[in-house]
Each structure stands twice: as C-alpha cells, then as structure tokens.
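What follows is a single structure, written as structure tokens, with notes after it.
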Amino acid sequence: MSGRKIPSIIRGDTTGIPLHVILTDAPFGTWWSAVFLDFFEDEGSRRAARRLVGLGVVAAVPTALSGWATWSGKDRALKRVGVVHAAANAAATIVYGASWTARSRGRHQLGVGLARAGAVLLLVSGFLGGHLSSGRHASGQGVPRG
C-alpha cells in the first residue's frame with residue numbers, strides 16, 4: 001500500500017465512514033452481548049459471555065489505534081473531547097479485562113458486576129464519540145456549508 005492509501009482508509013475516503021467508526025462495533029457489540037447473556041444462569045451462556053468479553057478486549061486494540069489516527073487530525077477543541085473519550089474507553093477496556101479475568105477464575109458474579117460497570121463507561125464514551133463524529137460540534141469542523 002502506498003503512503004497515502006492507509007490514511008485514506010482510516011479517514012473513510014472510499015467508504016464514507018472512518019475506519020474507527022466501523023471498528024467500534026466489535027468491542028461494543030461483543031461487550032453488550034455479554035451483558036445480555038449475563039441475565040441467563042446456564043453454563044453455556046456463562047462460557048459465551050466470557051468469550052465475548054475476551055474478544056471485545058482484543059478487538060479494542062485496533063479500534064483504539066484507528067481512533068488515535070483519526071483523533072490526530074482533529075482541531076484542539078475536539079482533541080480535548082477525544083482525550084476524555086479515549087480515557088473512558090481505556091477504563092472500560094481495563095474493567096472488561098478484569099471481568100474476563102474474574103470469569104476465568106470462577107468468580108462469575110464479580111465478572112458480571114465488572115461488565116455492568118464497563119457498560120456504563122461505554123455509554124459515556126459512546127456519547128462522546130458520537131459528538132466527535134457527528135459534525136454538530138462548536139468548532140465547525142465537518143459542518144456542511146450551504
């Protein structure tokens with residue numbers, strides 16, 4: 001790939017959607033699916049939830065890297081929001097990592113509680129991420145002109 005191709009993919013020039021926005025579906029989807037499965041007490045649901053939590057932690061890495069690449073091109077005001085967004089995501093990833101560890105060590109209820117706390121962090125981060133990508137922010141960056 002050429003030196004210009006990768007930034008083009010990250011920005012979403014070909015799809016119209018930045019890569020970060022697409023990649024967020026993996027950790028977000030796996031973690032919320034695990035929270036849903038936690039309402040069921042059978043061993044199959046517990047095992048599936050543990051696997052989904054782990055998969056979300058792994059998927060958070062490329063998602064964070066693409067977010068950083070997108071963030072680096074924002075203006076100063078949006079970068080401040082982006083730092084809080086990234087911090088909330090990092091905290092959620094750590095909490096979900098702890099949930100996976102607890103579940104793997106047979107401490108299912110602790111893992112469930114941690115996953116629910118992680119879900120709250122995801123909600124906060126998601127709202128901030130939506131603000132960053134919506135184009136309706138005060139800086140005017142991305143606002144359609146007509």
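FYI, nothing fancy with the structure tokens labels: chains A, B, ... in order, residues from 1 per chain, ligands from 1 as they appear.
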
What lies within 7 Å of region 78-82 of chain A using only C-alpha atoms, ignoring chain neighbours under 6 positions off, as a count of residues only? 3

Would you mind listing what lies within 8 Å of Gly111 (chain A) as number ranges by chain, with only C-alpha atoms counted and same-chain residues fewer than 2 positions away left out? A: 98-103, 107-109, 113-115

Step one, run DSSP on the backbone; step two, keep only residues of chain A assigned to helix (DSSP H, G or I); then write them as JSON, numbers by chain. {"A": [5, 6, 7, 8, 9, 10, 11, 19, 20, 21, 22, 23, 25, 26, 27, 28, 29, 30, 31, 32, 33, 34, 35, 36, 37, 43, 44, 45, 46, 47, 48, 49, 50, 51, 52, 53, 54, 55, 56, 57, 58, 59, 60, 61, 62, 63, 64, 65, 66, 67, 68, 69, 70, 71, 76, 77, 78, 79, 80, 81, 82, 83, 84, 85, 86, 87, 88, 89, 90, 91, 92, 93, 94, 95, 96, 97, 98, 99, 100, 101, 102, 103, 104, 108, 109, 110, 111, 112, 113, 114, 115, 116, 117, 118, 119, 120, 121, 122, 123, 124, 125, 126, 127, 128, 129, 130, 131, 132, 133, 134]}

Counting only C-alpha atoms, the residue among A:Leu52, A:Arg116, A:Ala92, A:Arg105 that lies closest to Phe39 (chain A) is A:Arg116

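Among A:Gly44, A:Gly67, A:Gly97, A:Gly12, the residue with the shortest atom-to-atom distance to Trp31 (chain A), counting only C-alpha atoms, is A:Gly97.
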
To one decimal place in Å, what is the distance between CA of Trp32 (chain A) and CA of Leu122 (chain A)? 9.3 Å

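When only C-alpha atoms are used to compute distances to Leu121 (chain A), the closest of the residues A:Ser134, A:His85, A:Pro62, A:Ala48 turns out to be A:His85.
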